file entry_14.cif (mmCIF, C-alpha atoms and all ligand atoms)
data_input
loop_
_atom_site.label_atom_id
_atom_site.label_comp_id
_atom_site.auth_asym_id
_atom_site.auth_seq_id
_atom_site.Cartn_x
_atom_site.Cartn_y
_atom_site.Cartn_z
CA MET A 1 -1.23 0.27 -1.17
CA ARG A 2 2.01 -1.50 -2.06
CA ALA A 3 1.51 -0.63 -5.72
CA ARG A 4 1.23 3.03 -4.77
CA LEU A 5 4.32 2.76 -2.57
CA ALA A 6 6.45 1.44 -5.42
CA LEU A 7 5.00 3.73 -8.07
CA TYR A 8 5.64 6.79 -5.92
CA ALA A 9 9.11 5.67 -4.83
CA SER A 10 10.09 4.98 -8.44
CA GLY A 11 9.32 8.57 -9.35
CA ALA A 12 6.66 7.63 -11.90
CA THR A 13 3.66 9.83 -12.57
CA VAL A 14 0.43 7.96 -13.25
CA GLU A 15 -3.15 9.00 -13.71
CA LEU A 16 -5.01 7.88 -10.61
CA ARG A 17 -8.62 6.80 -10.52
CA GLU A 18 -9.94 6.19 -7.03
CA ILE A 19 -12.51 3.39 -7.13
CA ILE A 20 -15.45 2.56 -4.90
CA LEU A 21 -15.43 -1.23 -4.78
CA ARG A 22 -19.21 -1.57 -4.73
CA ASP A 23 -19.48 0.67 -7.80
CA LYS A 24 -16.65 -0.24 -10.15
CA PRO A 25 -16.43 1.83 -13.34
CA THR A 26 -17.27 0.11 -16.61
CA HIS A 27 -13.89 1.01 -18.09
CA MET A 28 -12.08 -0.76 -15.25
CA LEU A 29 -14.21 -3.91 -15.67
CA LYS A 30 -13.57 -3.82 -19.41
CA ILE A 31 -9.78 -3.68 -19.13
CA SER A 32 -9.64 -6.02 -16.12
CA PRO A 33 -12.62 -8.37 -15.79
CA LYS A 34 -11.23 -9.92 -12.60
CA ALA A 35 -12.44 -6.69 -10.97
CA THR A 36 -9.94 -6.17 -8.20
CA VAL A 37 -7.77 -3.16 -7.48
CA PRO A 38 -5.12 -2.09 -8.17
CA VAL A 39 -5.06 -2.19 -11.96
CA LEU A 40 -2.46 -0.33 -14.00
CA GLN A 41 -3.02 0.34 -17.69
CA LEU A 42 0.09 1.33 -19.62
CA GLN A 43 0.11 3.78 -22.50
CA ASP A 44 0.39 0.94 -25.03
CA GLY A 45 -2.77 -0.63 -23.59
CA GLU A 46 -1.08 -3.41 -21.60
CA VAL A 47 -2.83 -4.05 -18.30
CA ILE A 48 -1.04 -5.08 -15.11
CA GLU A 49 -3.49 -6.57 -12.65
CA GLN A 50 -1.51 -7.65 -9.60
CA SER A 51 -0.15 -5.22 -7.03
CA PHE A 52 3.18 -7.06 -6.85
CA GLU A 53 3.54 -6.99 -10.64
CA ILE A 54 2.89 -3.24 -10.56
CA MET A 55 5.70 -2.89 -8.00
CA ILE A 56 8.08 -4.80 -10.26
CA TRP A 57 7.05 -2.78 -13.31
CA ALA A 58 7.60 0.55 -11.51
CA LEU A 59 10.93 -0.41 -9.93
CA GLY A 60 12.10 -1.99 -13.18
CA ARG A 61 11.88 1.45 -14.77
CA GLN A 62 13.52 3.35 -11.93
CA ASP A 63 14.61 2.21 -8.51
CA PRO A 64 16.30 5.21 -6.89
CA ASN A 65 16.24 3.69 -3.38
CA GLU A 66 17.60 0.32 -4.52
CA TRP A 67 14.65 -1.75 -3.34
CA LEU A 68 15.55 -4.42 -5.86
CA ASP A 69 19.23 -4.42 -5.05
CA VAL A 70 18.90 -7.22 -2.52
CA GLU A 71 19.07 -10.96 -2.11
CA GLU A 72 16.40 -12.29 -4.42
CA ASP A 73 15.68 -15.75 -2.96
CA THR A 74 14.90 -14.51 0.54
CA THR A 75 12.84 -11.64 -0.85
CA GLN A 76 10.82 -13.99 -3.03
CA MET A 77 10.29 -16.50 -0.22
CA LEU A 78 9.04 -13.79 2.17
CA ILE A 79 6.65 -12.31 -0.39
CA THR A 80 5.30 -15.69 -1.51
CA ARG A 81 4.66 -16.68 2.10
CA ASN A 82 3.02 -13.33 2.77
CA ASP A 83 0.76 -13.45 -0.27
CA ASN A 84 -0.37 -17.00 0.39
CA GLU A 85 -0.11 -18.28 3.95
CA PHE A 86 -0.24 -14.92 5.75
CA LYS A 87 -2.89 -13.35 3.50
CA SER A 88 -5.08 -16.42 3.92
CA ALA A 89 -4.81 -16.21 7.74
CA LEU A 90 -5.35 -12.43 7.64
CA ASP A 91 -8.54 -12.67 5.57
CA ARG A 92 -9.98 -15.32 7.87
CA TYR A 93 -8.92 -13.54 11.07
CA LYS A 94 -10.36 -10.26 9.77
CA TYR A 95 -13.56 -11.55 8.20
CA PRO A 96 -14.46 -14.97 9.72
CA ASP A 97 -18.09 -14.41 8.62
CA ARG A 98 -17.00 -14.72 5.00
CA TYR A 99 -15.81 -18.28 5.65
CA PRO A 100 -18.85 -19.91 7.29
CA ASP A 101 -17.70 -23.42 6.39
CA GLU A 102 -14.25 -23.03 7.91
CA ASP A 103 -12.99 -23.00 11.48
CA CYS A 104 -11.25 -19.63 11.70
CA SER A 105 -10.49 -19.79 15.42
CA ASP A 106 -6.75 -20.38 14.99
CA MET A 107 -6.16 -17.74 12.31
CA PHE A 108 -4.63 -15.27 14.75
CA ASP A 109 -2.10 -17.91 15.79
CA ARG A 110 -1.37 -18.84 12.19
CA GLY A 111 -0.66 -15.22 11.37
CA VAL A 112 1.49 -14.86 14.49
CA GLU A 113 3.75 -17.71 13.35
CA VAL A 114 4.67 -15.64 10.31
CA LEU A 115 4.95 -12.44 12.34
CA LYS A 116 7.32 -14.17 14.73
CA ASP A 117 9.69 -14.93 11.87
CA LEU A 118 9.41 -11.36 10.55
CA ASN A 119 10.18 -10.07 14.03
CA ASN A 120 13.30 -12.25 14.28
CA ARG A 121 14.53 -11.09 10.90
CA ILE A 122 14.06 -7.43 11.79
CA GLU A 123 15.78 -7.98 15.12
CA ASN A 124 18.77 -9.55 13.34
CA ASN A 125 19.05 -7.34 10.24
CA GLY A 126 17.31 -4.05 11.00
CA THR A 127 14.70 -4.76 8.32
CA LEU A 128 13.37 -7.93 6.70
CA VAL A 129 16.24 -8.81 4.39
CA THR A 130 19.11 -6.41 4.87
CA ASP A 131 19.97 -3.23 6.77
CA TYR A 132 17.64 -0.92 4.84
CA ASN A 133 14.05 -1.30 3.65
CA THR A 134 13.79 -3.12 0.35
CA LEU A 135 11.12 -4.73 -1.83
CA ALA A 136 10.01 -7.29 0.78
CA ASP A 137 9.49 -4.66 3.48
CA TYR A 138 7.27 -2.53 1.24
CA ALA A 139 5.42 -5.52 -0.20
CA ILE A 140 4.65 -6.90 3.27
CA PHE A 141 4.14 -4.06 5.77
CA PRO A 142 0.66 -3.09 4.44
CA PHE A 143 -0.54 -6.61 5.32
CA VAL A 144 1.01 -6.51 8.79
CA ARG A 145 -0.72 -3.16 9.28
CA GLN A 146 -4.08 -4.77 8.47
CA PHE A 147 -3.41 -7.68 10.81
CA VAL A 148 -2.54 -5.32 13.68
CA ALA A 149 -5.58 -3.14 13.00
CA VAL A 150 -7.97 -6.02 13.72
CA ASN A 151 -7.00 -5.85 17.41
CA SER A 152 -3.98 -3.73 18.27
CA THR A 153 -3.93 -4.72 21.95
CA ARG A 154 -3.72 -8.37 21.02
CA PHE A 155 -0.76 -7.55 18.80
CA GLU A 156 0.97 -5.41 21.43
CA ASN A 157 0.64 -8.26 23.92
CA LEU A 158 2.88 -10.34 21.68
CA LYS A 159 5.73 -7.99 22.57
CA PHE A 160 7.26 -8.19 19.10
CA LYS A 161 9.10 -4.90 19.66
CA PRO A 162 11.34 -4.90 16.57
CA LEU A 163 8.31 -5.64 14.37
CA GLU A 164 6.28 -2.92 16.13
CA ASN A 165 9.04 -0.35 15.61
CA TRP A 166 9.47 -1.37 11.97
CA LEU A 167 5.75 -1.00 11.32
CA ASP A 168 5.57 2.36 13.15
CA ALA A 169 8.51 3.70 11.15
CA HIS A 170 6.75 2.75 7.90
CA LEU A 171 3.47 4.30 9.01
CA GLN A 172 5.19 7.52 10.00
CA SER A 173 7.37 7.75 6.89
CA ASP A 174 7.00 10.58 4.39
CA LEU A 175 6.39 7.95 1.70
CA PHE A 176 3.43 6.45 3.55
CA GLN A 177 1.99 9.90 4.28
CA ALA A 178 2.31 10.78 0.60
CA ILE A 179 0.63 7.66 -0.73
CA THR A 180 -2.28 7.59 1.72
CA LYS A 181 -3.53 11.01 0.71
CA LYS A 182 -7.28 10.73 0.04
CA TYR A 183 -8.75 11.26 -3.41
CA PRO A 184 -12.40 11.64 -4.41
CA PRO A 185 -13.81 8.69 -6.38
CA TRP A 186 -13.28 9.00 -10.12
CA LYS A 187 -16.26 9.41 -12.41
CA SER A 188 -16.45 9.44 -16.18
CA GLY A 189 -15.74 12.89 -17.59
CA ASP A 190 -13.52 14.01 -14.69
CA ALA A 191 -10.30 15.84 -15.46
CA PRO A 192 -7.35 13.49 -14.82
CA THR A 193 -5.84 13.34 -11.34
CA PHE A 194 -2.12 12.67 -11.38
CA PHE A 195 -0.20 10.78 -8.70
CA GLY A 196 3.53 10.78 -8.08
CA PRO A 197 6.32 12.76 -6.45
CA GLN A 198 6.57 15.15 -9.42
CA VAL A 199 2.94 16.18 -9.10
CA GLN A 200 2.56 19.59 -7.50
CA ALA A 201 -0.14 19.91 -4.85
CA CYS A 202 -2.65 22.28 -6.35
CA ASP A 203 -4.71 24.61 -4.18
CA PRO A 204 -8.23 24.97 -5.50
CA ALA A 205 -8.76 28.60 -6.49
N1 LIG A 301 -3.78 -10.38 -5.71
C1 LIG A 301 -4.39 -9.07 -5.91
C2 LIG A 301 -5.42 -8.86 -4.85
C3 LIG A 301 -6.16 -7.59 -5.03
C4 LIG A 301 -7.36 -7.48 -4.13
O1 LIG A 301 -7.84 -8.44 -3.52
N2 LIG A 301 -7.91 -6.27 -4.07
C5 LIG A 301 -9.13 -6.04 -3.31
C6 LIG A 301 -9.06 -4.73 -2.59
S1 LIG A 301 -7.65 -4.57 -1.60
C7 LIG A 301 -10.28 -5.93 -4.28
O2 LIG A 301 -10.17 -5.24 -5.27
N3 LIG A 301 -11.39 -6.64 -4.03
C8 LIG A 301 -12.50 -6.62 -4.92
C9 LIG A 301 -13.79 -6.26 -4.23
O3 LIG A 301 -13.78 -6.15 -2.99
O4 LIG A 301 -14.80 -6.10 -4.92
C10 LIG A 301 -3.30 -8.01 -5.87
O5 LIG A 301 -2.39 -8.12 -5.07
O6 LIG A 301 -3.39 -7.04 -6.63
#

call {"tool": "encode", "arguments": {"input": "entry_14.cif", "output": "C-alpha cells"}}
result
Amino acid sequence: MRARLALYASGATVELREIILRDKPTHMLKISPKATVPVLQLQDGEVIEQSFEIMIWALGRQDPNEWLDVEEDTTQMLITRNDNEFKSALDRYKYPDRYPDEDCSDMFDRGVEVLKDLNNRIENNGTLVTDYNTLADYAIFPFVRQFVAVNSTRFENLKFKPLENWLDAHLQSDLFQAITKKYPPWKSGDAPTFFGPQVQACDPA
C-alpha cells in the first residue's frame, strides 16, 4: 500500500499486476524469489523488492508534494521503529496463531507504546514530523490502519484523538481512495493495466 501511495503521488505511471498471494505468477517468482509483494521491475530489468525502497525510488524521480523535504533523522528513526518493533507487534497481535511458540498476550500493549509516541508527535506537530504529511506519515499510516482494524473499539478506548484524526484524514484522502481501487488478478496474456494519476479511467464499451 505504501509503495502505491508513493508511486501515485510521484506522478509515475507503472504497469500494475494484481497478485493473489496463494497463486503467485511464475514471472514474479523468477524476478523476485523472496516472493513477497510489492515488487517493482524497472525498464532496465532492475528489481526493487521492498515497499520502502519503492517509495524512495518513486519520490527520488519526482516529489511534487515534498514528502522528502523533511528532517531525515527523525523520519528514518520513525520508519525503522515502525518496520521492526511495531510490525513485529502488529503481526503477533493480528495473527497469534502463527507464533505458537511465543507468548503474544502483550502485543497490543507493545504496539500501543509506539502509537502513544505517534499520537504525541501528531498532537505537537500536526503530523508525524512537521506540519504537513511527509514520507514517515505515508510509510507508517498503513500499518496503524492494520493495527486498528484488529479491534477498533480497543483502539478507540485509548482515546488517542490526534492519532485517530490523522488516520481518518489519510483514509478519507483522495490519494488513499485512488490507490485502493480494486483490480482483477493479473494472468499471463492479459493486456497491461496501468496505474498512476495520468491514467484515464476507461469505461468498458
Ligand atoms: N518488507 C517487505 C514486506 C512485504 C510483505 O511482507 N508482503 C506480504 C504482503 S503485505 C507478502 O507478500 N507476503 C507473502 C505471502 O503472504 O505469501 C516490504 O515492505 O515490501

call {"tool": "closest_atom_pairs", "arguments": {"input": "entry_14.cif", "of": "chain A", "to": "ligand LIG 301 (chain A)", "cutoff": "6 Å", "atoms": "all atoms listed in the file", "output": "JSON lines"}}
result
{"residue": "A:Leu21", "atom": "CA", "partner": "A:LIG301", "partner_atom": "O4", "distance": 4.9}
{"residue": "A:Thr36", "atom": "CA", "partner": "A:LIG301", "partner_atom": "O2", "distance": 3.1}
{"residue": "A:Val37", "atom": "CA", "partner": "A:LIG301", "partner_atom": "O2", "distance": 3.9}
{"residue": "A:Pro38", "atom": "CA", "partner": "A:LIG301", "partner_atom": "O6", "distance": 5.5}
{"residue": "A:Gln50", "atom": "CA", "partner": "A:LIG301", "partner_atom": "O6", "distance": 3.6}
{"residue": "A:Ser51", "atom": "CA", "partner": "A:LIG301", "partner_atom": "O6", "distance": 3.7}
{"residue": "A:Phe52", "atom": "CA", "partner": "A:LIG301", "partner_atom": "O5", "distance": 5.9}

call {"tool": "atom_distance", "arguments": {"input": "entry_14.cif", "atom1": "atom CA of A:Lys34", "atom2": "atom CA of A:Val148"}}
result
28.1 Å

call {"tool": "residues_around", "arguments": {"input": "entry_14.cif", "residues": "stretch 7-15 of chain A", "least_positions_apart": "2", "cutoff": "10 Å", "atoms": "all atoms listed in the file", "output": "PyMOL selection string"}}
result
chain A and resi 1-5+17-18+40-42+54-67+175-176+178-179+192-199

call {"tool": "atom_distance", "arguments": {"input": "entry_14.cif", "atom1": "atom CA of A:Asp131", "atom2": "atom CA of A:Thr153"}}
result
28.4 Å

call {"tool": "closest_atom_pairs", "arguments": {"input": "entry_14.cif", "of": "stretch 122-179 of chain A", "to": "stretch 108-115 of chain A", "cutoff": "12 Å", "atoms": "all atoms listed in the file", "output": "tab-separated table"}}
result
residue	atom	partner	partner_atom	distance
A:Ile122	CA	A:Leu115	CA	10.4
A:Leu128	CA	A:Leu115	CA	11.1
A:Ile140	CA	A:Leu115	CA	10.6
A:Phe141	CA	A:Leu115	CA	10.7
A:Phe143	CA	A:Gly111	CA	10.5
A:Val144	CA	A:Leu115	CA	8.0
A:Arg145	CA	A:Leu115	CA	11.3
A:Gln146	CA	A:Gly111	CA	11.4
A:Phe147	CA	A:Gly111	CA	8.0
A:Val148	CA	A:Phe108	CA	10.2
A:Val150	CA	A:Phe108	CA	9.9
A:Asn151	CA	A:Phe108	CA	10.1
A:Arg154	CA	A:Phe108	CA	9.4
A:Phe155	CA	A:Val112	CA	8.8
A:Glu156	CA	A:Val112	CA	11.7
A:Asn157	CA	A:Val112	CA	11.5
A:Leu158	CA	A:Val112	CA	8.6
A:Lys159	CA	A:Leu115	CA	11.2
A:Phe160	CA	A:Leu115	CA	8.3
A:Lys161	CA	A:Leu115	CA	11.3
A:Pro162	CA	A:Leu115	CA	10.8
A:Leu163	CA	A:Leu115	CA	7.9
A:Glu164	CA	A:Leu115	CA	10.3
A:Trp166	CA	A:Leu115	CA	12.0
A:Leu167	CA	A:Leu115	CA	11.5

call {"tool": "atom_distance", "arguments": {"input": "entry_14.cif", "atom1": "atom CA of A:Asn82", "atom2": "atom CA of A:Asp23"}}
result
28.5 Å

call {"tool": "decode", "arguments": {"input": "entry_14.cif", "residues": "stretch 103-134 of chain A", "atoms": "N, CA and C atoms", "output": "CSV table (one decimal), in the first residue's frame"}}
result
chain,number,residue,atom,x,y,z
A,103,ASP,N,4.7,-16.1,23.4
A,103,ASP,CA,3.6,-15.5,24.2
A,103,ASP,C,3.2,-14.2,23.6
A,104,CYS,N,2.1,-14.1,22.9
A,104,CYS,CA,1.7,-12.9,22.2
A,104,CYS,C,0.7,-12.0,23.0
A,105,SER,N,0.6,-12.4,24.3
A,105,SER,CA,-0.5,-11.7,25.0
A,105,SER,C,-0.2,-10.2,25.3
A,106,ASP,N,1.0,-9.8,25.2
A,106,ASP,CA,1.3,-8.3,25.4
A,106,ASP,C,1.5,-7.5,24.1
A,107,MET,N,1.2,-8.1,23.0
A,107,MET,CA,1.5,-7.5,21.7
A,107,MET,C,0.7,-6.2,21.5
A,108,PHE,N,-0.6,-6.2,22.0
A,108,PHE,CA,-1.4,-5.0,21.9
A,108,PHE,C,-0.6,-3.9,22.6
A,109,ASP,N,-0.2,-4.2,23.9
A,109,ASP,CA,0.4,-3.1,24.7
A,109,ASP,C,1.8,-2.7,24.0
A,110,ARG,N,2.5,-3.6,23.4
A,110,ARG,CA,3.7,-3.2,22.8
A,110,ARG,C,3.5,-2.3,21.6
A,111,GLY,N,2.4,-2.6,20.9
A,111,GLY,CA,2.1,-1.7,19.8
A,111,GLY,C,1.6,-0.3,20.3
A,112,VAL,N,0.9,-0.4,21.4
A,112,VAL,CA,0.3,0.9,21.9
A,112,VAL,C,1.5,1.8,22.4
A,113,GLU,N,2.6,1.3,22.9
A,113,GLU,CA,3.7,2.1,23.3
A,113,GLU,C,4.2,3.0,22.1
A,114,VAL,N,4.2,2.4,20.9
A,114,VAL,CA,4.6,3.1,19.7
A,114,VAL,C,3.5,4.1,19.3
A,115,LEU,N,2.3,3.6,19.4
A,115,LEU,CA,1.2,4.5,19.0
A,115,LEU,C,1.1,5.8,19.9
A,116,LYS,N,1.5,5.6,21.1
A,116,LYS,CA,1.4,6.7,22.1
A,116,LYS,C,2.4,7.8,21.6
A,117,ASP,N,3.6,7.3,21.2
A,117,ASP,CA,4.6,8.3,20.7
A,117,ASP,C,4.1,9.0,19.5
A,118,LEU,N,3.5,8.2,18.5
A,118,LEU,CA,3.0,8.8,17.3
A,118,LEU,C,1.9,9.8,17.6
A,119,ASN,N,1.1,9.5,18.6
A,119,ASN,CA,0.0,10.4,19.0
A,119,ASN,C,0.6,11.7,19.5
A,120,ASN,N,1.6,11.6,20.4
A,120,ASN,CA,2.2,12.8,20.9
A,120,ASN,C,2.8,13.7,19.8
A,121,ARG,N,3.5,13.0,18.9
A,121,ARG,CA,4.1,13.8,17.8
A,121,ARG,C,3.0,14.5,17.0
A,122,ILE,N,1.9,13.8,16.7
A,122,ILE,CA,0.9,14.4,15.9
A,122,ILE,C,0.2,15.6,16.6
A,123,GLU,N,0.1,15.4,17.9
A,123,GLU,CA,-0.5,16.4,18.8
A,123,GLU,C,0.4,17.7,18.8
A,124,ASN,N,1.7,17.5,18.8
A,124,ASN,CA,2.6,18.6,18.8
A,124,ASN,C,2.8,19.3,17.5
A,125,ASN,N,2.9,18.4,16.4
A,125,ASN,CA,3.3,19.0,15.1
A,125,ASN,C,2.2,19.2,14.1
A,126,GLY,N,1.1,18.4,14.3
A,126,GLY,CA,0.1,18.3,13.2
A,126,GLY,C,0.2,17.0,12.5
A,127,THR,N,1.4,16.6,12.2
A,127,THR,CA,1.6,15.3,11.6
A,127,THR,C,2.8,14.6,12.3
A,128,LEU,N,3.4,13.6,11.7
A,128,LEU,CA,4.5,12.9,12.5
A,128,LEU,C,5.8,13.7,12.6
A,129,VAL,N,6.2,14.4,11.6
A,129,VAL,CA,7.5,15.1,11.7
A,129,VAL,C,7.4,16.6,11.6
A,130,THR,N,6.5,17.1,10.8
A,130,THR,CA,6.4,18.5,10.6
A,130,THR,C,4.9,18.9,10.5
A,131,ASP,N,4.6,20.0,9.8
A,131,ASP,CA,3.2,20.4,9.8
A,131,ASP,C,2.4,20.0,8.6
A,132,TYR,N,3.0,19.2,7.8
A,132,TYR,CA,2.3,18.6,6.7
A,132,TYR,C,2.7,17.1,6.5
A,133,ASN,N,1.9,16.3,5.9
A,133,ASN,CA,2.3,14.9,5.8
A,133,ASN,C,3.5,14.7,4.9
A,134,THR,N,4.4,13.9,5.4
A,134,THR,CA,5.7,13.6,4.6
A,134,THR,C,5.9,12.1,4.6
